[in-house]
Amino acid sequence: MASFETQFMSLGSEVSSVARNKADQIYSALDAFSTFISSKVEADPNMRWPFVLVRDFSMKAEKIAELVGLTSAEFAFIPIVHEEDREGWGSFVMESAPVYYQESLDYAGNNKTVEELMNTTVPFVYENGFDENWMYTGPAEIQRPGVVLPYWESYPFSIPFAGFMLSGFDMLAFVEIANQLPTTNLTQRASTTFVQLPDFRPGAKFGDLIVESQIMQPIIENGKLVGVILVKMPWIDYFQHLNVDGLTDTIAVIRSSCNIGIGSYFNKTNELSYLINSTNADFLGQLDAHDPKYDDLVVSRVILDVDVDESDLPEGICVPTLTLDLYPTKELEASFQTSKPTMYTVVVVAIFFFTSLVFVLYDYFVGRRQRKYMARIKRQDQIVSNVFPAAIRDRLYDDEQKGSKQDNLLDPLGAGAAGAGGAPLADLFLETTVVFADIAGFTAWSSAREPAQVFVLLETIYGAFDKHAYRHNVFKVETVGDCYVAVAGLPEPHKDHAMSVCRFARDCVKTMKDTTLKLEVSLGPDTSELELRVGVHSGQVTAGVLRGERSRFQLFGDTMNTAARMESSSARNHIQVSQVTADLLVASGLSGWIAPRKSKIFVKGKGEMQTYWLKIKANKGLQQSKSKGDMPALNETAELSDNSDRTSAIHSEDSFDLDRVQVMTKTERLVEWNVEVLSPLLQQIVASRARDAVPIDPSLSKKEATIGKGKTVLEEFVPIIPLKRFDAAELSKRSDTMSIDIGEEAKTQLRNYLSNVATMYRDNPFHNFEHASHVTASVKKLLTRIVKVDDGNGLRTWSDKINLVDMAGHSYGITSDPLTQFSVVFSAIIHDLDHPGVPNAQLVKENTHNAQIFKKSVAEQNSVELAWAMLMDKEYEALRACIYNTEDDLRRFRQLVVNTVMATDIVDKELQDLRKARWETAFAETPVRNANLSSDDCKATIVIEHLIQASDVSHTMQHWHIYKSWNEKFFMECYAAYKAGRADSDPSENWYKGEIGFFDFYVIPLAKKLDNCGVFGVSSHEYLNYAQSNRDEWAREGERLVKEYLVRYAEAMAAQQ
């Protein structure tokens, strides 16, 4: 066993690495936020500094806080107002404040009115006024010369303080901000200082203090400081969200290279100490609180280092570098097991080594054949044990040894098969309990997934269920599709069969939620929404070996049918038990385990039945469904303890991952999934140039600064994109993709970039980051199903397990170039960035700033511009170096992104006509004279455009439940726009007929094109079949659904009031 010193150094290294990454994420997110604000102002001719209003500031700030894991942070946007702009600033506040107040009140759910807040808003930049007796007299207009920093937008939203809104209060009145501003201005980098203030958190006592790090993020325009984003971050909040497994009783000392500290509560210091654990932290004081005996075990890491040459700064300006030092404690050392070898251990090891050597020699010279024989027997025995219960297996073996005719049961095609004269091996079991557990939502979920992903899900979930079954003495009968069937009470009867099954069912429901949360990071959107629906019934069953080909152990009888009915009439995340099972639990003194269902259910063949809900203790992450009004509330539930020390043993190995996933938001899980999608593609790009690598073009940064300038995104569109051609010699030089490491820096930048992309998506019902991830999943699925039509040989499919590089040359060049694949997936992620929730025609009609610039395809062009501008930021240099390292690759990447995103504008008639003409020419049944249009580049360009178009509406070509869910979200978005006065007509009036037309004239023809081009194999057939099926189902149910949409919209609006 490793020594305590070694173990702590390993733990400390992990903690410090996580802490540094978290700090990088925080500062990167703030830098992106400030860039976003300055870019918006620069692009809007109607805005100039300092007269800037950041729309939906609360929403944007909260998203950033969620993504970087800061639940208690405070954000403020503060412009710098020069003396000549003060009078105009007051007028600007009175004009803009109502918009800001209304947005903030709505987002916070505050019942105050804008009128109330405007009555307390000061129309000038002010400070607190006092008379000669130091009595507060109210706001006093700033008279001193120079700049002021009026408090403006904030999150959480600030309500009136001391009778007045803080909007307009000069923040330079605070000494700490006045001292921090020069550093921020001179370095044009985020500056950090400490502040200790009274702790107003729930549970805090009077006089308790909390330490915060005050971050001042500059907003720069044309090289000048025009504003700041002020963030107060509690260090306790920072440490509580590190989530490092095994972290306990560790002293964390934050050291600053400057003596910093502010406010009347806090003296200047450069040291803060905390006692940190995995999920909590305690402030120890303004000192170094570690035990000197552990000086040699310190693990030190810089968590903030502003790259500034301080020699160029004026005297007195100090730019702090923050260092985190980690030390163990006596308590931590006591919890570690130490290894102290003794002579006895040495002797035992020597004896063991000698004995092992003897057995090795024996096995080598004598036991080789015996071992092979026994291995085969064990494999056969394992196969039989997996199919039959142990008692049945033993009876089969016994019959074989006795020479009975029944020995042929092991050979179902032999003389013992049905009708061959052998007596069936079957019994009647009078007391059993059967459970059916079905994965609700699985069919719809699987329609949007690759086959391998479906099996990963089922194997993971069923594997966990198998462990629960073993622990509770429950026998797994079979899995039928996504339904898991098990029984207790056979083949060896036991009286507690009902209790065992109930415990098993409870553990399965809890495990289901935990497992799907973890798998969402690797399997993508909606995985965490899969839930278990369980039914249980007790009674007699006939069980035995049903002989014939693929003989197996099976159960028959009314108990099986009733248990299946209990499952089908149950609810998500619930376990329904029959009256018979409930009576058995009551007889065992377990009446507290069940709650009667308020209304009886109708069971085919049996009529009405009274059933019961099995109460479940809510674990972290598990929420009871509210779809049924007669379900017990969570606070009515009781724990079904089995007094076992092994209750959580099943997940012990994965507890760190589970804890980490459970504290992540859905957006964070989607970000991680997108990272997992893009990372292998980056590996393939790097692998394609790893050998004989071309050095990075030193002039690339200048070309990055000029690409796309001087014309709109739409003007960059080209009919044909020249792709990288397949070269067998070049392919043979590529490195093994799995051996390529893109580096931690690039992967961190990828994660930060995607996190910032997520924050730039608006909170629309349909055009949001979740929908972008859904589109990405479809793109990934179609890319991995690409095939080629070989003349005379039909379709040749390729498994998604085959590396995409190995498919080079088989899809008009799409799969020969990893950069092409990355570009298409990247475009799917960013294609609706900052979408306003209304169509382009409405934006043009409103004559918005973007509409004035782009004229048409407004939302799509804006998405490309924003995503590209952020990618070009210097903080993503390592990421860009992975994507491209030559000017040719840069231009090809840009062109692919432009064409792919612009293809999602399906309303522009000119672009659609162009695509239609190129398709008909390139994929004509007879060769065409225009060789250029029939070239692989042309075909690849057209296929990419139709791939993204199909993925953008992939919900219409997937399972009915997926289509219905996204259709409702899109309706809600359109209807909300209509209610807000941003649409000319009520969409509900034509939604039903409009969807039918959309299927007939766009979706189904598009699916047929995918099918006819022969590129996407079975996926194209699947998409077409679902499209036609959904069209027919909508024709039957659409009118009713539209009425339900309207009811739910009204209910949602009423709930917000």
# chains A, B, ... in the order shown; residues from 1 in each chain; ligands from 1
call {"tool": "residues_around", "arguments": {"residues": "Gln1057 in chain A", "least_positions_apart": "4", "cutoff": "9 Å", "atoms": "only C-alpha atoms", "output": "list of chain:residue names"}}
result
A:Gly109, A:Asn111, A:Met1053
call {"tool": "residues_around", "arguments": {"residues": "range 708-718 of chain A", "least_positions_apart": "6", "cutoff": "9 Å", "atoms": "only C-alpha atoms", "output": "PyMOL selection string"}}
result
chain A and resi 853-854+856-857+860-862+864-865+894-895+898-899+902
call {"tool": "write_last_selection", "arguments": {"atoms": "N, CA and C atoms", "output": "short mmCIF file (atom, residue, chain, number, x, y, z; two decimals), in the first residue's frame"}}
result
data_model
loop_
_atom_site.label_atom_id
_atom_site.label_comp_id
_atom_site.auth_asym_id
_atom_site.auth_seq_id
_atom_site.Cartn_x
_atom_site.Cartn_y
_atom_site.Cartn_z
N ILE A 853 -27.90 45.00 -41.27
CA ILE A 853 -26.57 44.57 -41.74
C ILE A 853 -26.69 43.44 -42.75
N PHE A 854 -27.48 42.40 -42.39
CA PHE A 854 -27.47 41.16 -43.17
C PHE A 854 -28.56 41.08 -44.25
N LYS A 856 -31.01 39.50 -45.21
CA LYS A 856 -31.77 38.24 -45.14
C LYS A 856 -30.90 37.17 -44.50
N SER A 857 -31.53 36.00 -44.22
CA SER A 857 -30.83 34.96 -43.46
C SER A 857 -30.18 35.59 -42.23
N GLU A 860 -29.10 33.26 -39.11
CA GLU A 860 -28.02 32.34 -39.46
C GLU A 860 -26.68 33.09 -39.60
N GLN A 861 -26.70 34.23 -40.26
CA GLN A 861 -25.47 34.99 -40.42
C GLN A 861 -24.96 35.51 -39.07
N ASN A 862 -25.88 35.94 -38.23
CA ASN A 862 -25.49 36.42 -36.91
C ASN A 862 -24.84 35.30 -36.09
N VAL A 864 -23.12 32.69 -37.18
CA VAL A 864 -21.75 32.47 -37.67
C VAL A 864 -20.82 33.56 -37.18
N GLU A 865 -21.26 34.81 -37.27
CA GLU A 865 -20.40 35.93 -36.88
C GLU A 865 -20.03 35.84 -35.40
N ARG A 894 -13.55 27.71 -42.59
CA ARG A 894 -14.48 28.85 -42.63
C ARG A 894 -15.57 28.61 -43.67
N GLN A 895 -15.19 28.13 -44.86
CA GLN A 895 -16.17 27.94 -45.93
C GLN A 895 -17.16 26.85 -45.57
N VAL A 898 -19.62 28.31 -43.03
CA VAL A 898 -20.55 29.24 -43.68
C VAL A 898 -21.62 28.47 -44.46
N ASN A 899 -21.20 27.56 -45.33
CA ASN A 899 -22.16 26.82 -46.15
C ASN A 899 -23.10 25.97 -45.32
N MET A 902 -25.58 28.24 -43.29
CA MET A 902 -26.52 28.90 -44.19
C MET A 902 -27.53 27.92 -44.77
#
call {"tool": "residues_around", "arguments": {"residues": "Gly539 in chain A", "least_positions_apart": "6", "cutoff": "9 Å", "atoms": "only C-alpha atoms", "output": "ChimeraX atom specification"}}
result
/A:429-434,558-560,580-581
call {"tool": "residues_around", "arguments": {"residues": "range 980-996 of chain A", "least_positions_apart": "6", "cutoff": "8 Å", "atoms": "only C-alpha atoms", "output": "number ranges by chain"}}
result
A: 838, 842, 971, 974, 1031, 1034-1035, 1038-1039, 1042, 1046
call {"tool": "select_by_dssp", "arguments": {"residues": "range 95-315 of chain A", "states": "helix (DSSP H, G or I)", "output": "MDAnalysis selection string"}}
result
chainID A and resid 95:108 114:118 171:173 175:187 235:240 292:297 310:312
call {"tool": "write_last_selection", "arguments": {"atoms": "N, CA and C atoms", "output": "tab-separated table (two decimals), in the first residue's frame"}}
result
chain	number	residue	atom	x	y	z
A	95	GLU	N	-34.73	56.40	-19.14
A	95	GLU	CA	-35.35	55.84	-20.33
A	95	GLU	C	-35.21	54.31	-20.38
A	96	SER	N	-34.05	53.81	-19.94
A	96	SER	CA	-33.74	52.38	-20.10
A	96	SER	C	-34.10	51.55	-18.88
A	97	ALA	N	-34.16	52.18	-17.72
A	97	ALA	CA	-34.41	51.42	-16.50
A	97	ALA	C	-35.71	50.61	-16.56
A	98	PRO	N	-36.81	51.15	-17.11
A	98	PRO	CA	-38.04	50.33	-17.14
A	98	PRO	C	-37.85	49.00	-17.87
A	99	VAL	N	-37.10	49.01	-18.97
A	99	VAL	CA	-36.85	47.76	-19.70
A	99	VAL	C	-36.03	46.80	-18.84
A	100	TYR	N	-34.96	47.34	-18.25
A	100	TYR	CA	-34.08	46.53	-17.39
A	100	TYR	C	-34.84	45.99	-16.18
A	101	TYR	N	-35.63	46.85	-15.53
A	101	TYR	CA	-36.38	46.43	-14.35
A	101	TYR	C	-37.38	45.33	-14.70
A	102	GLN	N	-38.11	45.52	-15.80
A	102	GLN	CA	-39.14	44.54	-16.17
A	102	GLN	C	-38.52	43.18	-16.46
A	103	GLU	N	-37.42	43.16	-17.24
A	103	GLU	CA	-36.74	41.90	-17.54
A	103	GLU	C	-36.27	41.22	-16.26
A	104	SER	N	-35.70	42.00	-15.35
A	104	SER	CA	-35.14	41.43	-14.12
A	104	SER	C	-36.23	40.94	-13.19
A	105	LEU	N	-37.32	41.70	-13.07
A	105	LEU	CA	-38.43	41.28	-12.20
A	105	LEU	C	-39.06	40.00	-12.73
A	106	ASP	N	-39.26	39.93	-14.05
A	106	ASP	CA	-39.84	38.73	-14.65
A	106	ASP	C	-38.95	37.52	-14.43
A	107	TYR	N	-37.66	37.71	-14.60
A	107	TYR	CA	-36.73	36.57	-14.48
A	107	TYR	C	-36.63	36.10	-13.03
A	108	ALA	N	-36.67	37.06	-12.10
A	108	ALA	CA	-36.55	36.70	-10.68
A	108	ALA	C	-37.88	36.27	-10.08
A	114	VAL	N	-42.66	47.83	-11.97
A	114	VAL	CA	-41.70	48.77	-12.51
A	114	VAL	C	-41.96	50.17	-11.96
A	115	GLU	N	-43.23	50.51	-11.79
A	115	GLU	CA	-43.57	51.84	-11.29
A	115	GLU	C	-42.99	52.07	-9.90
A	116	GLU	N	-43.08	51.05	-9.03
A	116	GLU	CA	-42.52	51.17	-7.69
A	116	GLU	C	-41.01	51.45	-7.74
A	117	LEU	N	-40.33	50.73	-8.60
A	117	LEU	CA	-38.88	50.88	-8.69
A	117	LEU	C	-38.50	52.21	-9.32
A	118	MET	N	-39.26	52.64	-10.33
A	118	MET	CA	-38.94	53.92	-10.97
A	118	MET	C	-39.12	55.08	-9.99
A	171	MET	N	-19.79	53.72	-7.64
A	171	MET	CA	-19.07	52.66	-6.95
A	171	MET	C	-17.67	53.08	-6.54
A	172	LEU	N	-17.19	54.21	-7.05
A	172	LEU	CA	-15.88	54.69	-6.61
A	172	LEU	C	-15.92	55.17	-5.16
A	173	ALA	N	-17.11	55.25	-4.59
A	173	ALA	CA	-17.21	55.58	-3.16
A	173	ALA	C	-16.61	54.49	-2.30
A	175	VAL	N	-13.61	52.26	-1.34
A	175	VAL	CA	-12.16	52.39	-1.47
A	175	VAL	C	-11.58	51.23	-2.26
A	176	GLU	N	-12.11	50.00	-2.00
A	176	GLU	CA	-11.54	48.84	-2.65
A	176	GLU	C	-11.68	48.91	-4.18
A	177	ILE	N	-12.81	49.45	-4.65
A	177	ILE	CA	-13.02	49.56	-6.10
A	177	ILE	C	-12.16	50.68	-6.67
A	178	ALA	N	-12.06	51.76	-5.93
A	178	ALA	CA	-11.21	52.86	-6.37
A	178	ALA	C	-9.75	52.41	-6.48
A	179	ASN	N	-9.32	51.50	-5.59
A	179	ASN	CA	-7.95	50.99	-5.65
A	179	ASN	C	-7.77	49.94	-6.74
A	180	GLN	N	-8.83	49.22	-7.04
A	180	GLN	CA	-8.74	48.12	-8.01
A	180	GLN	C	-8.82	48.63	-9.45
A	181	LEU	N	-9.52	49.74	-9.66
A	181	LEU	CA	-9.75	50.23	-11.02
A	181	LEU	C	-8.46	50.59	-11.76
A	182	PRO	N	-7.48	51.26	-11.14
A	182	PRO	CA	-6.25	51.57	-11.88
A	182	PRO	C	-5.53	50.33	-12.40
A	183	THR	N	-5.49	49.27	-11.58
A	183	THR	CA	-4.84	48.04	-12.02
A	183	THR	C	-5.55	47.46	-13.24
A	184	THR	N	-6.87	47.42	-13.19
A	184	THR	CA	-7.65	46.90	-14.32
A	184	THR	C	-7.44	47.75	-15.57
A	185	ASN	N	-7.39	49.05	-15.39
A	185	ASN	CA	-7.24	49.96	-16.53
A	185	ASN	C	-5.86	49.81	-17.18
A	186	LEU	N	-4.81	49.71	-16.36
A	186	LEU	CA	-3.46	49.66	-16.89
A	186	LEU	C	-3.14	48.31	-17.55
A	187	THR	N	-3.64	47.23	-16.94
A	187	THR	CA	-3.33	45.89	-17.47
A	187	THR	C	-4.33	45.44	-18.52
A	235	TRP	N	-15.20	32.42	-1.58
A	235	TRP	CA	-14.25	31.31	-1.70
A	235	TRP	C	-14.84	30.01	-1.19
A	236	ILE	N	-15.73	30.11	-0.21
A	236	ILE	CA	-16.39	28.88	0.28
A	236	ILE	C	-17.18	28.24	-0.85
A	237	ASP	N	-17.87	29.06	-1.63
A	237	ASP	CA	-18.61	28.56	-2.79
A	237	ASP	C	-17.67	27.89	-3.78
A	238	TYR	N	-16.51	28.50	-3.98
A	238	TYR	CA	-15.50	27.97	-4.92
A	238	TYR	C	-15.05	26.58	-4.48
A	239	PHE	N	-14.69	26.43	-3.21
A	239	PHE	CA	-14.17	25.14	-2.73
A	239	PHE	C	-15.25	24.07	-2.63
A	240	GLN	N	-16.49	24.48	-2.34
A	240	GLN	CA	-17.57	23.51	-2.18
A	240	GLN	C	-17.90	22.79	-3.47
A	292	PRO	N	2.83	23.20	10.97
A	292	PRO	CA	4.19	23.23	10.41
A	292	PRO	C	4.82	21.86	10.20
A	293	LYS	N	4.33	20.83	10.91
A	293	LYS	CA	4.93	19.50	10.74
A	293	LYS	C	4.71	18.96	9.33
A	294	TYR	N	3.75	19.55	8.62
A	294	TYR	CA	3.46	19.09	7.26
A	294	TYR	C	4.05	20.02	6.19
A	295	ASP	N	5.02	20.84	6.57
A	295	ASP	CA	5.62	21.77	5.60
A	295	ASP	C	6.15	21.05	4.37
A	296	ASP	N	6.73	19.84	4.58
A	296	ASP	CA	7.34	19.13	3.46
A	296	ASP	C	6.32	18.47	2.54
A	297	LEU	N	5.04	18.45	2.95
A	297	LEU	CA	4.02	17.78	2.15
A	297	LEU	C	3.17	18.78	1.36
A	310	GLU	N	5.19	43.67	-14.90
A	310	GLU	CA	4.94	44.69	-13.89
A	310	GLU	C	5.98	45.80	-13.92
A	311	SER	N	7.07	45.57	-14.63
A	311	SER	CA	8.08	46.62	-14.73
A	311	SER	C	7.57	47.82	-15.53
A	312	ASP	N	6.55	47.58	-16.35
A	312	ASP	CA	5.97	48.66	-17.15
A	312	ASP	C	4.88	49.41	-16.40
call {"tool": "residues_around", "arguments": {"residues": "Leu166 in chain A", "least_positions_apart": "4", "cutoff": "9 Å", "atoms": "only C-alpha atoms", "output": "JSON, numbers by chain"}}
result
{"A": [121, 122, 150, 151, 152, 158, 159, 160, 161, 170]}
